[in-house]
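Shown next: data_29.txt, containing compact mmCIF, C-alpha atoms.
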# COMPACT_ATOMS: atom_id res chain seq x y z
CA MET A 1 110.45 124.00 96.74
CA LYS A 2 111.26 127.21 94.89
CA GLU A 3 114.84 126.14 94.29
CA ARG A 4 113.65 122.83 92.88
CA VAL A 5 111.15 124.50 90.54
CA GLN A 6 113.93 126.73 89.21
CA VAL A 7 116.19 123.73 88.62
CA VAL A 8 113.40 121.85 86.84
CA GLU A 9 112.69 124.85 84.58
CA ASN A 10 116.36 125.06 83.69
CA ILE A 11 116.37 121.37 82.81
CA PHE A 12 113.38 121.78 80.45
CA SER A 13 114.79 124.78 78.60
CA ALA A 14 118.23 123.14 78.23
CA ASN A 15 116.45 120.06 76.88
CA ASP A 16 114.51 122.08 74.31
CA ARG A 17 117.69 123.74 73.07
CA LEU A 18 119.39 120.37 72.57
CA ALA A 19 116.25 118.95 70.93
CA THR A 20 116.42 121.76 68.37
CA GLU A 21 120.04 120.83 67.66
CA ASN A 22 119.07 117.17 67.25
CA ARG A 23 116.35 118.11 64.78
CA ALA A 24 118.81 120.19 62.77
CA ARG A 25 121.20 117.22 62.53
CA LEU A 26 118.40 114.91 61.37
CA ASP A 27 117.20 117.49 58.83
CA GLN A 28 120.73 118.06 57.55
CA HIS A 29 120.95 114.37 56.65
CA ARG A 30 117.24 114.06 55.76
CA VAL A 31 116.80 111.28 58.27
CA LEU A 32 113.21 110.84 59.47
CA GLY A 33 113.15 110.62 63.27
CA LEU A 34 110.31 108.89 65.16
CA ASN A 35 109.98 108.86 68.96
CA LEU A 36 107.96 105.78 70.04
CA MET A 37 106.40 106.04 73.47
CA ALA A 38 104.14 103.63 75.37
CA SER A 39 103.54 102.01 78.71
CA PRO A 40 105.62 98.92 79.52
CA GLY A 41 104.58 95.98 77.38
CA ALA A 42 102.37 97.82 74.88
CA GLY A 43 104.53 96.50 72.05
CA LYS A 44 107.11 99.12 71.06
CA THR A 45 109.83 96.54 70.42
CA SER A 46 107.45 94.19 68.60
CA LEU A 47 106.34 97.04 66.34
CA ILE A 48 109.97 97.88 65.61
CA GLU A 49 110.67 94.23 64.72
CA ARG A 50 107.65 94.11 62.41
CA THR A 51 108.61 97.44 60.83
CA LEU A 52 112.21 96.38 60.21
CA ALA A 53 111.14 93.08 58.68
CA VAL A 54 109.58 95.03 55.80
CA LEU A 55 111.27 98.44 55.66
CA LYS A 56 114.88 97.27 55.92
CA GLU A 57 114.49 96.15 52.29
CA GLU A 58 113.47 99.68 51.28
CA MET A 59 115.47 102.02 53.50
CA ARG A 60 118.37 102.16 55.94
CA VAL A 61 117.10 102.11 59.50
CA ALA A 62 118.71 102.72 62.90
CA VAL A 63 117.10 102.16 66.28
CA VAL A 64 117.99 103.91 69.53
CA ASP A 65 116.62 102.06 72.56
CA GLY A 66 116.12 103.66 75.93
CA ASP A 67 115.78 101.48 79.00
CA VAL A 68 116.40 101.83 82.71
CA ALA A 69 118.38 98.57 82.56
CA THR A 70 119.43 95.80 80.13
CA SER A 71 119.88 95.85 76.39
CA ILE A 72 117.07 93.36 75.62
CA ASP A 73 115.30 95.74 73.23
CA ALA A 74 118.41 96.90 71.36
CA ASP A 75 119.43 93.26 70.96
CA ARG A 76 116.01 92.51 69.42
CA ALA A 77 116.29 95.51 67.09
CA ALA A 78 119.80 94.47 66.02
CA ALA A 79 118.62 90.90 65.44
CA ALA A 80 115.84 92.32 63.26
CA GLY A 81 118.40 94.04 61.06
CA ALA A 82 118.85 97.59 62.34
CA THR A 83 121.89 99.50 63.43
CA ALA A 84 120.97 99.59 67.13
CA ILE A 85 122.23 101.71 70.00
CA GLN A 86 121.23 101.13 73.60
CA ILE A 87 120.89 104.05 75.98
CA ASN A 88 120.87 102.85 79.55
CA THR A 89 119.23 105.70 81.46
CA GLY A 90 120.58 104.48 84.78
CA GLY A 91 117.16 104.53 86.43
CA GLU A 92 115.83 107.67 84.73
CA CYS A 93 112.21 107.30 83.65
CA HIS A 94 112.53 108.84 80.17
CA LEU A 95 114.95 109.71 77.41
CA ASP A 96 115.97 113.31 76.96
CA ALA A 97 117.58 115.33 74.20
CA VAL A 98 121.11 115.07 75.59
CA MET A 99 120.89 111.27 75.64
CA LEU A 100 119.72 111.24 72.03
CA GLN A 101 122.48 113.70 71.10
CA GLY A 102 125.04 111.21 72.37
CA ALA A 103 123.47 108.45 70.32
CA LEU A 104 123.33 110.61 67.16
CA ARG A 105 127.09 111.11 67.45
CA GLU A 106 127.55 107.33 67.21
CA LEU A 107 125.26 106.85 64.23
CA PRO A 108 126.22 107.05 60.53
CA LEU A 109 123.53 109.67 59.81
CA ALA A 110 124.73 110.31 56.26
CA SER A 111 123.86 106.75 55.33
CA LEU A 112 120.49 106.48 57.11
CA ASP A 113 116.89 107.11 56.07
CA LEU A 114 114.93 106.35 59.23
CA LEU A 115 115.76 106.66 62.92
CA ILE A 116 113.38 104.99 65.35
CA VAL A 117 113.81 105.98 68.98
CA GLU A 118 112.24 103.59 71.47
CA ASN A 119 111.62 105.59 74.62
CA VAL A 120 111.46 104.17 78.15
CA GLY A 121 108.18 102.34 78.90
CA ASN A 122 106.22 105.05 80.71
CA LEU A 123 103.04 107.02 79.94
CA ILE A 124 103.98 110.08 81.97
CA CYS A 125 107.59 111.30 82.04
CA PRO A 126 108.61 110.96 78.36
CA ALA A 127 105.79 113.38 77.42
CA SER A 128 107.72 116.25 79.03
CA PHE A 129 110.99 115.81 77.12
CA SER A 130 111.26 116.66 73.42
CA LEU A 131 114.00 114.72 71.69
CA GLY A 132 114.10 116.58 68.39
CA THR A 133 112.55 113.77 66.34
CA HIS A 134 110.04 114.73 63.64
CA PHE A 135 107.12 112.77 65.04
CA SER A 136 106.06 111.37 68.39
CA VAL A 137 104.13 108.13 68.12
CA LEU A 138 102.19 106.68 71.03
CA ILE A 139 101.54 102.94 71.09
CA ALA A 140 98.46 102.07 73.13
CA SER A 141 97.40 98.45 73.52
CA VAL A 142 93.97 96.91 73.89
CA PRO A 143 94.59 95.01 77.18
CA GLU A 144 95.69 98.25 78.88
CA GLY A 145 92.06 99.34 78.85
CA ASP A 146 89.95 102.01 77.21
CA ASP A 147 90.37 104.66 79.93
CA LYS A 148 94.01 105.50 79.25
CA PRO A 149 93.47 108.74 77.27
CA TYR A 150 91.46 110.11 80.20
CA LYS A 151 94.09 109.07 82.74
CA TYR A 152 97.25 110.12 80.85
CA PRO A 153 96.09 113.23 78.99
CA ALA A 154 99.49 114.92 78.60
CA MET A 155 100.83 111.94 76.66
CA TYR A 156 97.77 111.63 74.40
CA ARG A 157 97.67 115.39 73.83
CA GLY A 158 101.29 115.65 72.71
CA VAL A 159 101.66 112.95 70.07
CA ASP A 160 101.44 113.06 66.26
CA ALA A 161 100.17 109.53 65.65
CA LEU A 162 98.57 106.78 67.71
CA VAL A 163 99.02 103.07 67.16
CA ILE A 164 96.49 100.80 68.90
CA ASN A 165 98.31 97.48 69.23
CA LYS A 166 97.04 94.00 70.19
CA ILE A 167 93.66 94.36 68.46
CA ASP A 168 93.66 90.55 68.20
CA LEU A 169 92.90 90.49 71.95
CA ARG A 170 89.63 92.44 71.61
CA PRO A 171 87.44 89.32 71.91
CA TYR A 172 89.05 88.45 75.27
CA VAL A 173 89.11 91.77 77.15
CA GLU A 174 86.78 94.66 77.92
CA PHE A 175 87.73 97.49 75.57
CA ASN A 176 85.16 100.01 74.40
CA LEU A 177 86.72 101.48 71.28
CA GLU A 178 84.17 104.31 71.08
CA TYR A 179 84.93 105.42 74.65
CA PHE A 180 88.66 105.23 73.98
CA GLN A 181 88.40 107.20 70.76
CA ALA A 182 86.15 109.85 72.31
CA GLY A 183 88.90 110.47 74.87
CA VAL A 184 91.54 110.70 72.17
CA GLU A 185 89.43 113.05 70.05
CA MET A 186 88.84 115.37 73.01
CA LEU A 187 92.59 115.69 73.67
CA ASN A 188 94.01 115.53 70.18
CA PRO A 189 91.37 116.18 67.51
CA GLY A 190 91.94 114.42 64.20
CA LEU A 191 94.90 112.40 65.49
CA VAL A 192 96.06 109.75 63.00
CA THR A 193 95.05 106.43 64.57
CA LEU A 194 96.37 103.08 63.37
CA PRO A 195 94.82 99.96 64.93
CA LEU A 196 96.95 96.86 64.37
CA SER A 197 98.26 93.62 65.78
CA CYS A 198 101.99 92.93 65.83
CA ARG A 199 101.08 89.32 66.56
CA THR A 200 98.80 88.62 63.58
CA GLY A 201 100.07 91.37 61.28
CA GLU A 202 96.60 92.85 60.80
CA GLY A 203 96.74 96.59 60.18
CA LEU A 204 100.52 96.75 59.77
CA GLU A 205 100.32 97.85 56.16
CA ALA A 206 98.64 101.15 57.13
CA TRP A 207 101.38 101.82 59.68
CA LEU A 208 104.12 101.11 57.15
CA ALA A 209 102.40 103.36 54.62
CA TRP A 210 102.30 106.14 57.21
CA VAL A 211 106.07 105.81 57.84
CA ARG A 212 106.83 105.70 54.11
CA GLY A 213 104.62 108.77 53.58
CA GLN A 214 106.43 110.80 56.23
CA LEU A 215 109.82 109.95 54.79
CA LYS A 216 108.65 110.89 51.33
CA GLU A 217 107.32 114.20 52.65
CA LEU A 218 110.64 114.94 54.37
CA ARG A 219 112.58 114.18 51.22
CA HIS A 220 110.35 115.84 48.65
CA GLY A 221 107.79 117.84 50.65
CA MET B 222 124.03 119.05 87.89
CA LYS B 223 125.51 119.02 91.41
CA GLU B 224 122.82 121.38 92.70
CA ARG B 225 120.13 119.14 91.26
CA VAL B 226 121.62 116.02 92.85
CA GLN B 227 121.62 117.77 96.24
CA VAL B 228 117.99 118.82 95.81
CA VAL B 229 116.97 115.29 94.82
CA GLU B 230 118.77 113.82 97.87
CA ASN B 231 116.94 116.26 100.11
CA ILE B 232 113.63 115.23 98.57
CA PHE B 233 114.31 111.54 99.24
CA SER B 234 115.32 112.01 102.87
CA ALA B 235 112.34 114.28 103.56
CA ASN B 236 110.11 111.63 101.97
CA ASP B 237 111.54 108.88 104.18
CA ARG B 238 110.93 110.92 107.32
CA LEU B 239 107.28 111.48 106.37
CA ALA B 240 106.89 107.81 105.41
CA THR B 241 108.00 106.86 108.92
CA GLU B 242 105.36 109.20 110.35
CA ASN B 243 102.70 107.65 108.09
CA ARG B 244 103.66 104.18 109.26
CA ALA B 245 103.39 105.27 112.90
CA ARG B 246 99.87 106.57 112.30
CA LEU B 247 98.79 103.34 110.62
CA ASP B 248 100.35 101.27 113.41
CA GLN B 249 98.72 103.41 116.08
CA HIS B 250 95.32 102.52 114.64
CA ARG B 251 96.37 99.01 113.58
CA VAL B 252 95.36 99.74 110.01
CA LEU B 253 97.10 97.50 107.44
CA GLY B 254 98.50 99.64 104.63
CA LEU B 255 99.16 98.25 101.12
CA ASN B 256 100.82 100.19 98.32
CA LEU B 257 99.70 98.78 94.94
CA MET B 258 102.02 99.58 92.04
CA ALA B 259 101.88 98.56 88.37
CA SER B 260 102.21 99.79 84.84
CA PRO B 261 99.16 101.47 83.30
CA GLY B 262 96.40 98.97 82.67
CA ALA B 263 97.82 96.00 84.60
CA GLY B 264 94.65 95.88 86.69
CA LYS B 265 95.20 97.75 89.97
CA THR B 266 91.68 99.16 90.02
CA SER B 267 90.12 95.86 88.94
CA LEU B 268 91.95 94.05 91.74
CA ILE B 269 90.70 96.64 94.23
CA GLU B 270 87.13 96.16 93.00
CA ARG B 271 87.44 92.37 93.30
CA THR B 272 89.01 92.69 96.76
CA LEU B 273 86.32 95.04 98.04
CA ALA B 274 83.53 92.82 96.74
CA VAL B 275 84.61 90.16 99.26
CA LEU B 276 86.51 91.93 102.04
CA LYS B 277 84.09 94.78 102.65
CA GLU B 278 81.88 92.19 104.38
CA GLU B 279 84.73 91.29 106.75
CA MET B 280 86.62 94.52 107.38
CA ARG B 281 86.44 98.27 106.92
CA VAL B 282 88.42 99.37 103.88
CA ALA B 283 89.58 102.72 102.52
CA VAL B 284 91.21 103.35 99.16
CA VAL B 285 93.55 106.22 98.29
CA ASP B 286 93.91 106.62 94.53
CA GLY B 287 96.78 108.43 92.91
CA ASP B 288 96.44 109.66 89.35
CA VAL B 289 97.96 112.37 87.22
CA ALA B 290 94.44 113.41 86.22
CA THR B 291 90.78 112.43 86.73
CA SER B 292 89.07 110.57 89.56
CA ILE B 293 88.03 107.53 87.49
CA ASP B 294 89.74 105.05 89.82
CA ALA B 295 88.51 106.60 93.08
CA ASP B 296 84.99 106.65 91.64
CA ARG B 297 85.28 102.92 90.88
CA ALA B 298 86.60 102.20 94.39
CA ALA B 299 83.78 104.22 95.95
CA ALA B 300 81.21 102.44 93.80
CA ALA B 301 82.69 99.14 95.02
CA GLY B 302 82.01 100.13 98.62
CA ALA B 303 85.19 101.75 99.97
CA THR B 304 85.81 105.10 101.56
CA ALA B 305 87.80 106.55 98.67
CA ILE B 306 90.10 109.54 98.40
CA GLN B 307 91.56 110.78 95.14
CA ILE B 308 95.01 112.32 95.05
CA ASN B 309 95.53 114.22 91.84
CA THR B 310 99.30 114.45 91.50
CA GLY B 311 99.08 117.30 89.00
CA GLY B 312 101.32 115.54 86.50
CA GLU B 313 103.75 113.94 88.98
CA CYS B 314 104.58 110.38 88.03
CA HIS B 315 104.28 108.79 91.49
CA LEU B 316 102.73 109.24 94.92
CA ASP B 317 104.97 110.30 97.77
CA ALA B 318 104.74 110.27 101.54
CA VAL B 319 103.54 113.85 101.86
CA MET B 320 100.63 113.17 99.50
CA LEU B 321 99.65 110.12 101.55
CA GLN B 322 100.00 112.12 104.76
CA GLY B 323 97.41 114.56 103.46
CA ALA B 324 95.06 111.69 102.63
CA LEU B 325 95.54 110.04 106.05
CA ARG B 326 94.39 113.27 107.68
CA GLU B 327 91.08 112.96 105.82
CA LEU B 328 90.48 109.32 106.68
CA PRO B 329 88.72 107.94 109.78
CA LEU B 330 91.71 105.76 110.72
CA ALA B 331 90.23 104.73 114.07
CA SER B 332 87.40 102.97 112.28
CA LEU B 333 89.41 101.28 109.51
CA ASP B 334 91.10 97.91 109.14
CA LEU B 335 92.65 98.07 105.69
CA LEU B 336 94.02 100.95 103.62
CA ILE B 337 94.76 100.24 99.97
CA VAL B 338 96.84 102.86 98.17
CA GLU B 339 96.64 102.71 94.39
CA ASN B 340 99.80 104.34 93.12
CA VAL B 341 100.19 106.08 89.73
CA GLY B 342 100.48 103.65 86.82
CA ASN B 343 104.26 103.53 86.32
CA LEU B 344 106.93 100.84 86.72
CA ILE B 345 109.79 103.22 87.48
CA CYS B 346 109.20 106.32 89.61
CA PRO B 347 106.95 104.92 92.41
CA ALA B 348 109.73 102.45 93.33
CA SER B 349 111.84 105.36 94.67
CA PHE B 350 109.26 106.79 97.08
CA SER B 351 108.29 104.97 100.27
CA LEU B 352 104.83 105.87 101.47
CA GLY B 353 104.92 104.28 104.91
CA THR B 354 102.54 101.43 104.08
CA HIS B 355 103.31 97.98 105.51
CA PHE B 356 103.63 96.19 102.19
CA SER B 357 104.34 97.11 98.59
CA VAL B 358 102.50 94.95 96.09
CA LEU B 359 103.40 94.89 92.40
CA ILE B 360 100.74 93.87 89.90
CA ALA B 361 102.24 92.47 86.72
CA SER B 362 99.99 91.33 83.88
CA VAL B 363 100.44 88.59 81.32
CA PRO B 364 99.97 90.75 78.16
CA GLU B 365 102.77 93.08 79.33
CA GLY B 366 105.23 90.32 78.50
CA ASP B 367 107.64 88.07 80.36
CA ASP B 368 110.68 90.39 80.17
CA LYS B 369 109.45 93.02 82.62
CA PRO B 370 111.48 91.89 85.69
CA TYR B 371 114.65 92.20 83.62
CA LYS B 372 113.68 95.64 82.31
CA TYR B 373 112.34 97.20 85.52
CA PRO B 374 114.59 95.64 88.18
CA ALA B 375 114.26 98.37 90.83
CA MET B 376 110.50 97.87 90.98
CA TYR B 377 110.69 94.07 91.14
CA ARG B 378 113.49 94.20 93.72
CA GLY B 379 111.64 96.46 96.12
CA VAL B 380 108.24 94.82 96.54
CA ASP B 381 106.87 92.43 99.19
CA ALA B 382 104.38 90.55 97.02
CA LEU B 383 103.73 90.08 93.31
CA VAL B 384 100.34 89.58 91.70
CA ILE B 385 100.36 88.26 88.13
CA ASN B 386 97.04 89.40 86.69
CA LYS B 387 95.22 88.44 83.46
CA ILE B 388 96.31 84.80 83.51
CA ASP B 389 93.16 84.09 81.47
CA LEU B 390 94.99 85.68 78.50
CA ARG B 391 97.85 83.15 78.55
CA PRO B 392 96.46 81.13 75.62
CA TYR B 393 96.42 84.25 73.41
CA VAL B 394 99.82 85.87 74.06
CA GLU B 395 103.48 84.88 74.26
CA PHE B 396 104.36 84.68 77.94
CA ASN B 397 107.04 82.32 79.20
CA LEU B 398 106.23 81.94 82.89
CA GLU B 399 109.55 80.21 83.65
CA TYR B 400 111.56 83.06 82.10
CA PHE B 401 109.45 85.62 83.97
CA GLN B 402 109.83 83.81 87.29
CA ALA B 403 113.58 83.31 86.83
CA GLY B 404 113.92 87.09 86.53
CA VAL B 405 111.81 87.66 89.63
CA GLU B 406 113.75 85.06 91.64
CA MET B 407 117.08 86.66 90.67
CA LEU B 408 115.95 90.08 91.91
CA ASN B 409 113.75 89.16 94.85
CA PRO B 410 114.34 85.58 96.01
CA GLY B 411 111.35 83.85 97.54
CA LEU B 412 108.93 86.67 96.66
CA VAL B 413 105.29 85.75 97.33
CA THR B 414 103.73 85.39 93.88
CA LEU B 415 99.99 85.25 93.29
CA PRO B 416 98.82 84.48 89.73
CA LEU B 417 95.17 85.39 89.19
CA SER B 418 92.58 86.79 86.84
CA CYS B 419 90.41 89.69 87.91
CA ARG B 420 88.23 88.89 84.92
CA THR B 421 87.45 85.22 85.67
CA GLY B 422 88.13 85.27 89.41
CA GLU B 423 90.67 82.44 89.19
CA GLY B 424 93.35 82.73 91.87
CA LEU B 425 91.63 85.53 93.79
CA GLU B 426 91.11 83.41 96.90
CA ALA B 427 94.89 83.11 97.46
CA TRP B 428 95.27 86.90 97.19
CA LEU B 429 92.43 87.50 99.65
CA ALA B 430 93.97 84.96 102.04
CA TRP B 431 97.29 86.81 101.83
CA VAL B 432 95.61 90.12 102.73
CA ARG B 433 93.66 88.54 105.59
CA GLY B 434 96.86 86.90 106.85
CA GLN B 435 98.78 90.19 106.90
CA LEU B 436 95.99 91.94 108.80
CA LYS B 437 95.85 89.11 111.34
CA GLU B 438 99.62 89.30 111.78
CA LEU B 439 99.43 93.07 112.36
CA ARG B 440 96.68 92.66 114.92
CA HIS B 441 97.94 89.61 116.80
CA GLY B 442 101.49 89.04 115.53
Can you turn what I pasted into structure tokens?
Amino acid sequence: MKERVQVVENIFSANDRLATENRARLDQHRVLGLNLMASPGAGKTSLIERTLAVLKEEMRVAVVDGDVATSIDADRAAAAGATAIQINTGGECHLDAVMLQGALRELPLASLDLLIVENVGNLICPASFSLGTHFSVLIASVPEGDDKPYKYPAMYRGVDALVINKIDLRPYVEFNLEYFQAGVEMLNPGLVTLPLSCRTGEGLEAWLAWVRGQLKELRHG
Amino acid sequence: MKERVQVVENIFSANDRLATENRARLDQHRVLGLNLMASPGAGKTSLIERTLAVLKEEMRVAVVDGDVATSIDADRAAAAGATAIQINTGGECHLDAVMLQGALRELPLASLDLLIVENVGNLICPASFSLGTHFSVLIASVPEGDDKPYKYPAMYRGVDALVINKIDLRPYVEFNLEYFQAGVEMLNPGLVTLPLSCRTGEGLEAWLAWVRGQLKELRHG
């Protein structure tokens, strides 16, 4: 196993170097980069659609979609008005910095304001690979259950903001918000938490304000 | 990357060899082994609780729970009446045959009928690692959305039965069952599909009958 450990360490350090390069390119063009992560079906693509519906009137947005197969999500992002690039990971369980670097080469960075990266649906592997974006955003969802922070601590520990999607389903499922939030607070004290429903639109305004605020900070901060 | 590819190939073939050994041990003791896989929060642990509530009166059941952290699931399985073993994968995104081999050593196989393995919540990585169980069972859930077969084809292609959990939520979410099932049929024609709700109990009898049928087949088939 020693050989494998060495190989894995090399992969991580090469990834970090490329992530730093990606960040420099985003900063050079003052493009805000967000890395959206979640388990399958938590609502990453729906949140992107909702976000584009409003923000495409205010800023120029591109979406990079990572999936093990298909271009369903990139097609939805393009239909919602973004410049969209699909990264097919060919079975890999996460995006990494080299994949994003390839996508950045294809994008007109000089004429963008916001880059949303939709990572592969997975609560484990994406947490280990920095992409170089400015913020990592985790999208949890109410029907997934309130024990997820306890069960996927690396993911909850590493993110800069937490969206809790599908709050409209709270009457129909067991979800103890206090238990969930106690787990989050233990792992990531003071984490920005944005409960919302992509279905009903409740709570979206706070999310949009957060995105606008980060872009403003990048531009004028 | 060549070195890494070689290492990964070695890992897969070593895993397959150990999976064959695990299967031989289960067969020797005529213990039916099920490998439950799903994304986080689809309801693996709830299905195990529901299954134990009925089947523990008819057969002797053990549960092996894989998680990247905590023993929440094994504690729930033990509380529901099973001999339960927790495998903490230490961050790994899937169980593998060597982890199960360790657990089998701890279990009283000669006095068991059914072994349920609860894999790590993940729709990608567990699909690549055989454990040696007799059947792989995927648990989908309605709020995850109807596009999951298209987006996670390797997982849907490789399983022997499909549970669709949380059907009680159908009135409250978008879920086109025909679109979902067309994707499943394309990848895995004729796959046994068991819609149910662990919350209301609807559909559970068909699942329990499937488990009983597989055990009977193993014993007398």
How close does chain B get to chain A? List, as JSON lines, each residue of chain B within 10 Å, its nearest atom pair and the distance in Å to one decimal, counting all atoms listed in the file.
{"residue": "B:Met222", "atom": "CA", "partner": "A:Val7", "partner_atom": "CA", "distance": 9.2}
{"residue": "B:Glu224", "atom": "CA", "partner": "A:Val7", "partner_atom": "CA", "distance": 8.1}
{"residue": "B:Arg225", "atom": "CA", "partner": "A:Val7", "partner_atom": "CA", "distance": 6.6}
{"residue": "B:Val228", "atom": "CA", "partner": "A:Arg4", "partner_atom": "CA", "distance": 6.6}
{"residue": "B:Val229", "atom": "CA", "partner": "A:Arg4", "partner_atom": "CA", "distance": 8.5}
{"residue": "B:Ile232", "atom": "CA", "partner": "A:Arg4", "partner_atom": "CA", "distance": 9.5}
{"residue": "B:Ala259", "atom": "CA", "partner": "A:Pro40", "partner_atom": "CA", "distance": 9.6}
{"residue": "B:Ser260", "atom": "CA", "partner": "A:Pro40", "partner_atom": "CA", "distance": 6.4}
{"residue": "B:Pro261", "atom": "CA", "partner": "A:Ser39", "partner_atom": "CA", "distance": 6.4}
{"residue": "B:Gly262", "atom": "CA", "partner": "A:Glu144", "partner_atom": "CA", "distance": 3.9}
{"residue": "B:Ala263", "atom": "CA", "partner": "A:Glu144", "partner_atom": "CA", "distance": 6.5}
{"residue": "B:Gly264", "atom": "CA", "partner": "A:Glu144", "partner_atom": "CA", "distance": 8.2}
{"residue": "B:Asp288", "atom": "CA", "partner": "A:Lys151", "partner_atom": "CA", "distance": 7.0}
{"residue": "B:Val289", "atom": "CA", "partner": "A:Lys151", "partner_atom": "CA", "distance": 6.8}
{"residue": "B:Ala290", "atom": "CA", "partner": "A:Lys151", "partner_atom": "CA", "distance": 5.6}
{"residue": "B:Thr291", "atom": "CA", "partner": "A:Lys151", "partner_atom": "CA", "distance": 6.2}
{"residue": "B:Ser292", "atom": "CA", "partner": "A:Lys151", "partner_atom": "CA", "distance": 8.6}
{"residue": "B:Ile293", "atom": "CA", "partner": "A:Lys151", "partner_atom": "CA", "distance": 7.9}
{"residue": "B:Asp294", "atom": "CA", "partner": "A:Lys151", "partner_atom": "CA", "distance": 9.2}
{"residue": "B:Gly312", "atom": "CA", "partner": "A:Ile124", "partner_atom": "CA", "distance": 7.6}
{"residue": "B:Glu313", "atom": "CA", "partner": "A:Ile124", "partner_atom": "CA", "distance": 8.0}
{"residue": "B:Cys314", "atom": "CA", "partner": "A:Ile124", "partner_atom": "CA", "distance": 6.1}
{"residue": "B:His315", "atom": "CA", "partner": "A:Ile124", "partner_atom": "CA", "distance": 9.6}
{"residue": "B:Val341", "atom": "CA", "partner": "A:Ile124", "partner_atom": "CA", "distance": 9.5}
{"residue": "B:Gly342", "atom": "CA", "partner": "A:Leu123", "partner_atom": "CA", "distance": 8.1}
{"residue": "B:Asn343", "atom": "CA", "partner": "A:Asn122", "partner_atom": "CA", "distance": 6.1}
{"residue": "B:Leu344", "atom": "CA", "partner": "A:Asn122", "partner_atom": "CA", "distance": 7.4}
{"residue": "B:Ile345", "atom": "CA", "partner": "A:Cys93", "partner_atom": "CA", "distance": 6.1}
{"residue": "B:Cys346", "atom": "CA", "partner": "A:Cys93", "partner_atom": "CA", "distance": 6.7}
{"residue": "B:Ser349", "atom": "CA", "partner": "A:Gly91", "partner_atom": "CA", "distance": 9.8}
{"residue": "B:Ser362", "atom": "CA", "partner": "A:Gly41", "partner_atom": "CA", "distance": 9.2}
{"residue": "B:Val363", "atom": "CA", "partner": "A:Gly41", "partner_atom": "CA", "distance": 9.3}
{"residue": "B:Pro364", "atom": "CA", "partner": "A:Pro143", "partner_atom": "CA", "distance": 6.9}
{"residue": "B:Glu365", "atom": "CA", "partner": "A:Gly41", "partner_atom": "CA", "distance": 3.9}
{"residue": "B:Gly366", "atom": "CA", "partner": "A:Gly41", "partner_atom": "CA", "distance": 5.8}
{"residue": "B:Asp367", "atom": "CA", "partner": "A:Gly41", "partner_atom": "CA", "distance": 9.0}
{"residue": "B:Asp368", "atom": "CA", "partner": "A:Ile72", "partner_atom": "CA", "distance": 8.4}
{"residue": "B:Lys369", "atom": "CA", "partner": "A:Pro40", "partner_atom": "CA", "distance": 7.7}
{"residue": "B:Tyr371", "atom": "CA", "partner": "A:Thr70", "partner_atom": "CA", "distance": 6.9}
{"residue": "B:Lys372", "atom": "CA", "partner": "A:Ala69", "partner_atom": "CA", "distance": 5.5}
{"residue": "B:Tyr373", "atom": "CA", "partner": "A:Val68", "partner_atom": "CA", "distance": 6.8}
{"residue": "B:Pro374", "atom": "CA", "partner": "A:Ala69", "partner_atom": "CA", "distance": 7.4}
{"residue": "B:Ala375", "atom": "CA", "partner": "A:Gly91", "partner_atom": "CA", "distance": 8.1}
{"residue": "B:Lys387", "atom": "CA", "partner": "A:Pro143", "partner_atom": "CA", "distance": 9.1}
{"residue": "B:Asp389", "atom": "CA", "partner": "A:Tyr172", "partner_atom": "CA", "distance": 8.6}
{"residue": "B:Leu390", "atom": "CA", "partner": "A:Tyr172", "partner_atom": "CA", "distance": 7.3}
{"residue": "B:Tyr393", "atom": "CA", "partner": "A:Leu169", "partner_atom": "CA", "distance": 7.3}
{"residue": "B:Val394", "atom": "CA", "partner": "A:Arg199", "partner_atom": "CA", "distance": 8.4}
{"residue": "B:Glu395", "atom": "CA", "partner": "A:Arg199", "partner_atom": "CA", "distance": 9.2}
{"residue": "B:Arg420", "atom": "CA", "partner": "A:Val173", "partner_atom": "CA", "distance": 8.3}
Would you mind reading off the distance between atom CA of Leu114 of chain A and atom CA of Arg30 of chain A, one decimal, in Å?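 Separation of atom CA of Leu114 of chain A and atom CA of Arg30 of chain A: 8.8 Å.
Counting only C-alpha atoms and comparing A:Asn119, A:Asn15, A:Thr200, A:Ser46, the residue that lies closest to Val137 of chain A is A:Asn119.
Distance-wise, atom CA of Asp96 of chain A and atom CA of Asp160 of chain A end up 18.0 Å apart.
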Please report the interatomic distance between atom CA of Thr193 of chain A and atom CA of Leu34 of chain A in Å with one decimal. 15.5 Å
Which is closest to Glu118 of chain A among A:Gln214, A:Ser136, A:Gln181, A:Gln28, if we use all atoms listed in the file?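 Of A:Gln214, A:Ser136, A:Gln181, A:Gln28, the one nearest Glu118 of chain A, counting all atoms listed in the file, is A:Ser136.
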Which residues, written as number ranges by chain, have at least one atom at most 6 Å from Ala318 of chain B, with only C-alpha atoms counted and residues fewer than 4 positions away on the same chain left out? B: 236, 239-240, 352
Find the spatial neighbours of segment 423-429 of chain B, counting only C-alpha atoms, within a cut-off of 12 Å - ignore same-chain residues fewer than 4 positions away - and output them as a VMD selection string. chain B and resid 267 to 277 279 to 280 358 360 382 to 390 413 to 419 433 to 436
I'd like the neighbourhood of Ile85 of chain A as a list in words, where a residue qualifies if any of its atoms comes within 10 Å (using all atoms listed in the file), though same-chain residues fewer than 4 positions away should be ignored.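 Once the adjacent positions are removed, what remains is Ala62, Val63, Val64, Asp65, Gly66, Ser71, Asp73, Ala74, Asp75, Ala77, Ala78, Ala103, Leu104, Glu106, Leu107 and Val117 of chain A.
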Who sits within 7 Å of Leu333 of chain B, only C-alpha atoms, same chain under 4 positions skipped, as a PyMOL selection string: chain B and resi 252+281-282+329
